[in-house]
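> One structure follows; several queries about it will come next.
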Amino acid sequence: MENLIIPCKSRLPVVVPPPPTPQPKQDTPLGFTTRPFISLSRKTHPRMADAHLNYLCRKGHLREAIAVLDYVGQNGLKVRPNTYAKLVESCITENSIQLGRKVHAMVDLVEVLPLFVETKLVGMYAKCGSLDDARKVFDGMLERNLYTWSAIIGAYSREKRWREAVDMFYSMVEEGVMPDGFLFPKILQACGNAGDIRTGMLIHSIVIKSGMFSHERVTNTVLAVYAKCGELNSARRLFDSMEHKDTVTWNSLISGYCQKGEMDEAYRLFDAMQKEGTKPGLVTWNVLIAGYSQMGKYDVALELMSKMESQGLVPDVFTWTSLISGFGQNNRQSQALDLFREMLMVGIKPNGVTITSAISACTSLQALNRGKEVHSVAVKMGLGDNVLVGNSLIDMYSKREELEAARWVFDVIKDKDVYSWNSMIKGYFNAGYGGKAHELFLTMQESDVRPNVITWNVMISGYMQNGDDDQAMNLFQRMEKDGKVKRNTASWNSLISGYTQNGQMDKALGIFREMQSLHVSLNSVTVLSVLPSCANLIAINKVKEIHGCVVRRDLESVLSVSNSLIDTYAKSGKIEYSRRLFDRVTSKDIITWNSMIGGYIWHGCHRSALDLYDLMRQFGLKPNRGTFLSILNAYSLAGLVEEGKRVFSTITEELLIVPALEHYIAMVELYGRAGRLGEAVEFIENMPLEPDFSIWLALFSACRIHKNIALAVLAAERLLEFEVGNHSIYQLLSQTFGLYGKSEHALKLKRLEKDALARKSPGESWIIKGNKVYRFIADCSTPYFEHLHSWLREIEEKVRGFESYDRLCIEEEEKEETGRIHSEKLAIAFALAGKYRAPQTIRIMKNSRMCVDCHKTAKYVTLSYGCEIYLSDSKCLHHFKDGVCSCGDYW
């Protein structure tokens with residue numbers, strides 16, 4: 001894109017002096033002057049004013065004519081209808097709504113107001129761009145004929161208000177006026193563009209009964225309706241019944257097949273057209289080229305353009321635009337820009353759609369400099385203030401955070417539409433300028449373009465994105481009352497996704513419940529927004545409820561929804577539900593496979609994960625970074641170090657995928673679980689990335705489990721450089737230094753720990769019982785504490801003798817003391833200590849890592865009480881069953 005400049009010849013034009021201006025011939029009627037006013041009185045001949053007005057209209061002196069008309073009125077005279085009609089016609093020629101309104105204001109000066117004059121006024125307003133005024137005149141008419149209806153229906157068609165044009169047809173028939181061969185095509189065009197096949201079929205039957213089917217233009221537009229509405233069987237039957245087929249006939253049917261994506265049949269018709277002696281015109285070629293481009297068949301589209309040129313037809317702006325647009329929309333943006341440059345080089349002037357497509361390609365490629373070059377071309381072509389071009393430029397500049405450039409474009413656009421305002425407001429929010437977005441929103445409310453539901457939703461999403469949920473909720477509550485805009489599903493989705501992204505899961509679920517209570521229809525975005533709020537052990541009932549909504553709304557076939565449900569069920573502890581849903585998905589993508597494999601890893605089922613990975617490769621799917629992360633974790637769980645090392649080298653050497661930090665963490669855990677701590681340290685030292693907190697924490701965990709105090713201290717000293725103020729880290733490091741004998745470090749940490757203590761998050765656990773969520777804190781203020789403590793004392797001795805752990809006793813949470821029990825133990829006791837039968841499954845969430853003693857207690861309980869415990873802590877999911885944990889005692 002180095003050169004997007006249109007080439008020109010370097011030779012300068014020779015300037016020739018203009019010839020002397022000839023004097024105009026005298027053709028002014030006798031007794032008249034070109035001055036706006038003539039001497040008029042009641043004795044003046046009544047036709048003198050008409051003659052002068054006709055003369056002024058003929059010469060294009062419309063303003064003078066209006067001044068004369070006003071003078072005529074002041075002198076109590078009248079004008080003939082034909083004279084007045086010429087004035088109205090002159091307003092259309094001048095395309096001046098202001099002058100048209102002045103002429104209309106003096107309609108009382110017409111001697112007798114015939115129907116054709118009122119019809120002329122309807123046409124004037126419509127053609128000068130004021131459909132509302134045209135409709136007012138139309139509605140005020142006492143009588144309307146075929147021409148009047150033609151004028152108003154034509155007005156709606158010009159404004160592309162197809163639905164209203166069709167409605168006017170029904171009103172016309174109710175008044176007893178039937179369209180003719182000239183009006184039927186307009187109405188049929190509206191039917192086709194509105195997708196109203198029912199009215200199209202009705203008109204088809206009227207046309208046959210009235211004998212107008214012989215009108216070639218009418219028949220072609222009936223065929224076009226069937227083709228546009230996708231009724232290709234009906235279109236084909238009509239096509240085959242037609243005796244005479246012109247280029248328009250063939251084009252309509254070929255276009256219909258192209259729109260349906262049936263390109264083979266479209267091409268067969270193209271060949272048949274030529275065999276039957278009808279030469280394809282430029283429009284025919286463009287229809288085919290556009291069809292193949294949109295289908296992503298770029299080579300065929302380019303070959304067709306070459307064939308077209310070989311037959312003597314020069315590709316026009318529509319040919320090039322179809323190719324550029326098609327390439328851009330099918331992830332071939334670089335080729336689209338190459339075509340754009342080639343188009344300029346051959347001297348084809350782009351239109352607004354061409355420029356817009358080129359800018360969109362630059363936006364997708366994040367090629368700002370290329371986009372600026374296209375912008376300069378747009379300005380040179382006089383399209384800098386075009387609303388379509390401007391909107392795409394605002395989008396491009398905003399996404400690259402060039403807010404000043406985006407605002408400059410916004411200010412240049414003459415006729416801003418609602419998309420212009422919305423794009424600029426969204427751009428400000430995305431760049432973090434919420435204040436500027438709010439100012440523009442207020443300005444928009446005072447402009448000619450009123451905020452629509454998308455504007456309000458952009459504002460709500462923007463405030464949520466910037467963390468101002470109070471302002472977002474305020475706008476949400478005001479939009480119907482103050483903005484007179486009805487909320488839609490997207491309005492609710494904006495709040496739900498915002499709360500979810502801000503970590504306020506309860507509020508997200510609350511909005512979802514309110515949405516359901518008001519019977520607001522949910523969509524796939526709603527489901528995808530709310531499901532992350534339920535991805536935990538205590539929200540399984542909510543997940544099932546949402547899944548029920550998905551089934552009722554027939555959204556399970558939406559792949560992204562099924563993928564999200566697979567992932568959420570796994571995180572909610574229902575891996576068997578995930579697999580059932582996975583098996584039902586017919587067209588799985590890489591996310592489907594990754595979600596299921598990742599779910600198995602989360603549950604510690606490494607064998608199932610690896611089996612699924614093998615099956616995925618048998619189906620020929622190429623694994624991505626996410627897949628490899630899960631497979632590394634699977635080999636880590638299985639203790640298969642060499643296999644894990646081989647997969648890691650495959651990522652880097654064979655597939656040329658650059659590993660992310662998560663892959664390096666997985667490798668440290670792979671070495672750590674196997675006790676190969678020296679290799680883990682060597683791996684960290686040779687990493688191309690700077691080790692972060694997670695890397696050293698993974699090594700620290702391995703050292704703690706494998707009792708390597710020296711390396712634990714090394715990792716602890718590195719951890720000390722991160723997350724200043726994290727009480728849990730101080731707790732771990734203080735114990736580590738104490739065990740190693742570095743008492744001065746421990747004392748220093750104790751002093752730092754005091755500062756972090758105020759910000760300390762206490763150990764908390766949540767449990768679901770009887771559809772209610774209960775919260776427990778590690779202290780003696782818990783309700784029913786004595787009762788729960790008594791139950792725990794009964795099993796304490798049995799737990800102590802159950803098994804012993806051979807590991808360093810370094811824990812995030814402070815040790816249990818008299819009157820202080822860890823929150824997960826209280827939750828387990830609450831579930832089991834009672835007169836009711838012990839539950840089969842206990843689900844607990846905890847905000848910090850379990851300690852060894854609590855882990856041992858949970859294992860003992862499942863063995864003694866015959867239940868299962870799912871407990872997710874800050875490290876992993878623990879699935880306790882029959883005295884064994886899914887984590888393999890490594891957490």
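Identifiers in the structure tokens: chain A, B, ... in order shown; residue index from 1 per chain; ligand index from 1 in order shown.
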Where does DSSP see helix (DSSP H, G or I) in stretch 413-455 of chain A, if you list the residues as an MDAnalysis selection string?

chainID A and resid 418:430 434:445 453:455

> Contacts of A:Trp456 at 12 Å or less, counting only C-alpha atoms, minus same-chain residues fewer than 4 places along, as a PyMOL selection string?

chain A and resi 418+421-422+425-426+437-438+441-442+444-445+450-452+460-463+471-480+482-488+490-492+494-495

> Enter the distance from atom CA of A:Ser325 to atom CA of A:Asp271, in Å, rounded to one decimal.

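We find that atom CA of A:Ser325 and atom CA of A:Asp271 lie 25.5 Å from each other.
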
> Neighbours of A:Ser398 within 12 Å (only C-alpha atoms; same-chain residues fewer than 3 positions away dropped), as a PDB file with C-alpha atoms, in the first residue's frame?


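Saved result, result-v6.pdb, follows:
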```pdb
ATOM      1  CA  THR A 363      -9.083  -2.183  10.779  1.00  0.00           C
ATOM      2  CA  GLN A 366      -4.662  -3.278  12.606  1.00  0.00           C
ATOM      3  CA  LEU A 368      -3.301   2.115  10.843  1.00  0.00           C
ATOM      4  CA  GLY A 390     -16.813   8.373   8.183  1.00  0.00           C
ATOM      5  CA  ASN A 391     -18.336   5.674  10.365  1.00  0.00           C
ATOM      6  CA  SER A 392     -15.758   3.102   9.253  1.00  0.00           C
ATOM      7  CA  LEU A 393     -12.959   5.625   9.888  1.00  0.00           C
ATOM      8  CA  ILE A 394     -14.258   6.379  13.391  1.00  0.00           C
ATOM      9  CA  ASP A 395     -14.287   2.644  14.085  1.00  0.00           C
ATOM     10  CA  GLU A 401      -6.968   4.582  20.299  1.00  0.00           C
ATOM     11  CA  GLU A 402      -6.406   7.477  17.885  1.00  0.00           C
ATOM     12  CA  LEU A 403      -9.240   9.384  19.548  1.00  0.00           C
ATOM     13  CA  GLU A 404      -8.308  12.822  18.205  1.00  0.00           C
ATOM     14  CA  ALA A 405      -8.374  11.541  14.617  1.00  0.00           C
ATOM     15  CA  ALA A 406     -11.662   9.726  15.264  1.00  0.00           C
ATOM     16  CA  ARG A 407     -13.216  12.898  16.686  1.00  0.00           C
ATOM     17  CA  TRP A 408     -11.960  14.951  13.728  1.00  0.00           C
ATOM     18  CA  VAL A 409     -13.665  12.529  11.326  1.00  0.00           C
ATOM     19  CA  PHE A 410     -16.810  12.591  13.462  1.00  0.00           C
ATOM     20  CA  SER A 420     -21.694   7.750  13.949  1.00  0.00           C
ATOM     21  CA  ASN A 422     -22.603   5.379  18.907  1.00  0.00           C
ATOM     22  CA  SER A 423     -19.188   4.560  17.419  1.00  0.00           C
ATOM     23  CA  MET A 424     -17.621   7.730  18.801  1.00  0.00           C
ATOM     24  CA  ILE A 425     -19.140   7.219  22.264  1.00  0.00           C
ATOM     25  CA  LYS A 426     -17.960   3.605  22.304  1.00  0.00           C
ATOM     26  CA  GLY A 427     -14.481   4.694  21.189  1.00  0.00           C
ATOM     27  CA  TYR A 428     -14.200   7.075  24.139  1.00  0.00           C
ATOM     28  CA  PHE A 429     -15.275   4.371  26.587  1.00  0.00           C
ATOM     29  CA  ASN A 430     -12.873   1.790  25.143  1.00  0.00           C
ATOM     30  CA  ALA A 431     -10.011   4.252  25.611  1.00  0.00           C
ATOM     31  CA  GLY A 432     -11.094   4.952  29.197  1.00  0.00           C
ATOM     32  CA  TYR A 433     -12.514   8.448  28.562  1.00  0.00           C
TER      33      TYR A 433
END
```

> Given only C-alpha atoms as the basis, pick out the residue of A:Lys707, A:Lys645, A:Arg80, A:Lys102 nearest to A:Gly675.

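Once distances to A:Gly675 are computed over only C-alpha atoms, the minimum belongs to A:Lys707.
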
> Near A:Phe802, within 9 Å and counting only C-alpha atoms, which residues show up once chain neighbours fewer than 6 positions away are dropped, as a CSV table (one decimal) with all heavy atoms, in the first residue's frame?


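The file below, out32.csv, is the result:
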```
chain,number,residue,atom,x,y,z
A,856,LYS,N,-6.9,-34.2,55.4
A,856,LYS,CA,-7.0,-35.6,55.9
A,856,LYS,C,-8.3,-35.8,56.5
A,856,LYS,O,-8.9,-36.9,56.4
A,856,LYS,CB,-5.9,-35.7,57.0
A,856,LYS,CG,-5.7,-37.1,57.6
A,856,LYS,CD,-4.4,-37.3,58.3
A,856,LYS,CE,-4.2,-36.3,59.4
A,856,LYS,NZ,-3.0,-36.6,60.2
A,857,THR,N,-8.9,-34.8,57.2
A,857,THR,CA,-10.3,-34.9,57.7
A,857,THR,C,-11.3,-35.3,56.7
A,857,THR,O,-12.2,-36.1,56.8
A,857,THR,CB,-10.7,-33.7,58.5
A,857,THR,OG1,-9.7,-33.4,59.5
A,857,THR,CG2,-12.1,-33.8,59.1
A,860,TYR,N,-11.0,-38.9,55.5
A,860,TYR,CA,-11.5,-39.8,56.5
A,860,TYR,C,-13.1,-39.8,56.5
A,860,TYR,O,-13.7,-40.8,56.6
A,860,TYR,CB,-11.0,-39.4,57.9
A,860,TYR,CG,-11.7,-40.2,59.0
A,860,TYR,CD1,-11.3,-41.5,59.3
A,860,TYR,CD2,-12.8,-39.7,59.7
A,860,TYR,CE1,-11.9,-42.2,60.3
A,860,TYR,CE2,-13.4,-40.4,60.7
A,860,TYR,CZ,-13.0,-41.7,61.0
A,860,TYR,OH,-13.6,-42.4,62.0
```

> Taking 2 positions as the minimum chain separation for residues in the same chain, which residues sit within 12 Å of A:Glu231 when counting only C-alpha atoms? Answer as an NGL selection string.

:A and (192 or 195-198 or 200-201 or 222-229 or 233-238 or 253 or 256-257 or 259-260)

> Taking C-alpha atoms for each residue, export the selection above as a PDB file, in the first residue's frame.


```pdb
ATOM      1  CA  GLY A 192     -38.824  -8.098  -2.529  1.00  0.00           C
ATOM      2  CA  GLY A 195     -39.021  -9.979   2.228  1.00  0.00           C
ATOM      3  CA  ASP A 196     -42.830  -9.951   1.926  1.00  0.00           C
ATOM      4  CA  ILE A 197     -43.447 -13.010  -0.218  1.00  0.00           C
ATOM      5  CA  ARG A 198     -47.136 -13.163   0.790  1.00  0.00           C
ATOM      6  CA  GLY A 200     -45.753 -10.653  -3.778  1.00  0.00           C
ATOM      7  CA  MET A 201     -47.835 -13.783  -4.402  1.00  0.00           C
ATOM      8  CA  VAL A 222     -42.690 -10.673  -9.942  1.00  0.00           C
ATOM      9  CA  LEU A 223     -39.811 -13.034 -10.751  1.00  0.00           C
ATOM     10  CA  ALA A 224     -37.410 -10.778  -8.833  1.00  0.00           C
ATOM     11  CA  VAL A 225     -39.652 -10.940  -5.720  1.00  0.00           C
ATOM     12  CA  TYR A 226     -39.600 -14.742  -5.715  1.00  0.00           C
ATOM     13  CA  ALA A 227     -35.831 -14.771  -6.227  1.00  0.00           C
ATOM     14  CA  LYS A 228     -35.082 -12.177  -3.529  1.00  0.00           C
ATOM     15  CA  CYS A 229     -37.315 -13.935  -1.005  1.00  0.00           C
ATOM     16  CA  ASN A 233     -38.822 -23.130  -7.010  1.00  0.00           C
ATOM     17  CA  SER A 234     -41.582 -20.584  -7.688  1.00  0.00           C
ATOM     18  CA  ALA A 235     -39.122 -18.298  -9.437  1.00  0.00           C
ATOM     19  CA  ARG A 236     -37.924 -21.158 -11.640  1.00  0.00           C
ATOM     20  CA  ARG A 237     -41.481 -22.190 -12.603  1.00  0.00           C
ATOM     21  CA  LEU A 238     -42.319 -18.621 -13.572  1.00  0.00           C
ATOM     22  CA  LEU A 253     -32.919 -15.665 -11.393  1.00  0.00           C
ATOM     23  CA  GLY A 256     -31.541 -15.433  -6.577  1.00  0.00           C
ATOM     24  CA  TYR A 257     -29.347 -18.527  -6.801  1.00  0.00           C
ATOM     25  CA  GLN A 259     -28.033 -15.116  -2.747  1.00  0.00           C
ATOM     26  CA  LYS A 260     -28.853 -18.682  -1.709  1.00  0.00           C
TER      27      LYS A 260
END
```

> Within 7 Å of stretch 621-630 of chain A, counting only C-alpha atoms, which residues qualify if same-chain residues fewer than 2 places away don't, as a ChimeraX atom specification?

/A:594,597-598,601,616-617,619,632-634,663

> Please, could you write that set of residues out with C-alpha atoms as a JSON list (two decimals), in the first residue's frame?


```json
[["chain", "number", "residue", "atom", "x", "y", "z"],
["A", 594, "ASN", "CA", -10.58, -28.18, 24.93],
["A", 597, "ILE", "CA", -10.35, -32.13, 28.13],
["A", 598, "GLY", "CA", -9.85, -29.21, 30.53],
["A", 601, "ILE", "CA", -8.01, -32.19, 34.15],
["A", 616, "MET", "CA", -9.49, -35.60, 18.84],
["A", 617, "ARG", "CA", -6.36, -36.29, 16.79],
["A", 619, "PHE", "CA", -10.76, -36.75, 13.90],
["A", 632, "LEU", "CA", 0.87, -31.01, 29.93],
["A", 633, "ASN", "CA", -1.29, -30.93, 33.05],
["A", 634, "ALA", "CA", -2.58, -34.44, 32.27],
["A", 663, "HIS", "CA", 2.85, -23.67, 29.65]]
```

> Got a sec: who's within 12 Å of A:Leu269, counting only C-alpha atoms, leaving out chain neighbours fewer than 2 positions off, as a PyMOL selection string?

chain A and resi 236+239-240+247+249-258+262-267+271-276+278+280+284+288

> Just checking: using only C-alpha atoms, which residue out of A:Ala710, A:Ile566, A:Leu282, A:Ala151 ends up closest to A:Leu528?

A:Ile566

> Choose the residue, out of A:Met345, A:Asp415, A:Arg161, A:Ala367, that has the smallest atom-to-atom separation from A:Val387; count only C-alpha atoms.

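Residue with the minimum atom-to-atom distance to A:Val387: A:Asp415.
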
> With distances taken over only C-alpha atoms, which of A:Leu670, A:Leu661, A:Leu720, A:Met168 is nearest to A:Ser694?

A:Leu661

> Just how far from atom CA of A:Ile842 is atom CA of A:Glu786, in Å to one decimal?

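Computing it gives 21.3 Å between the two atoms.
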
> Any idea what the distance is between atom CA of A:Asn686 and atom CA of A:Tyr635?

21.4 Å
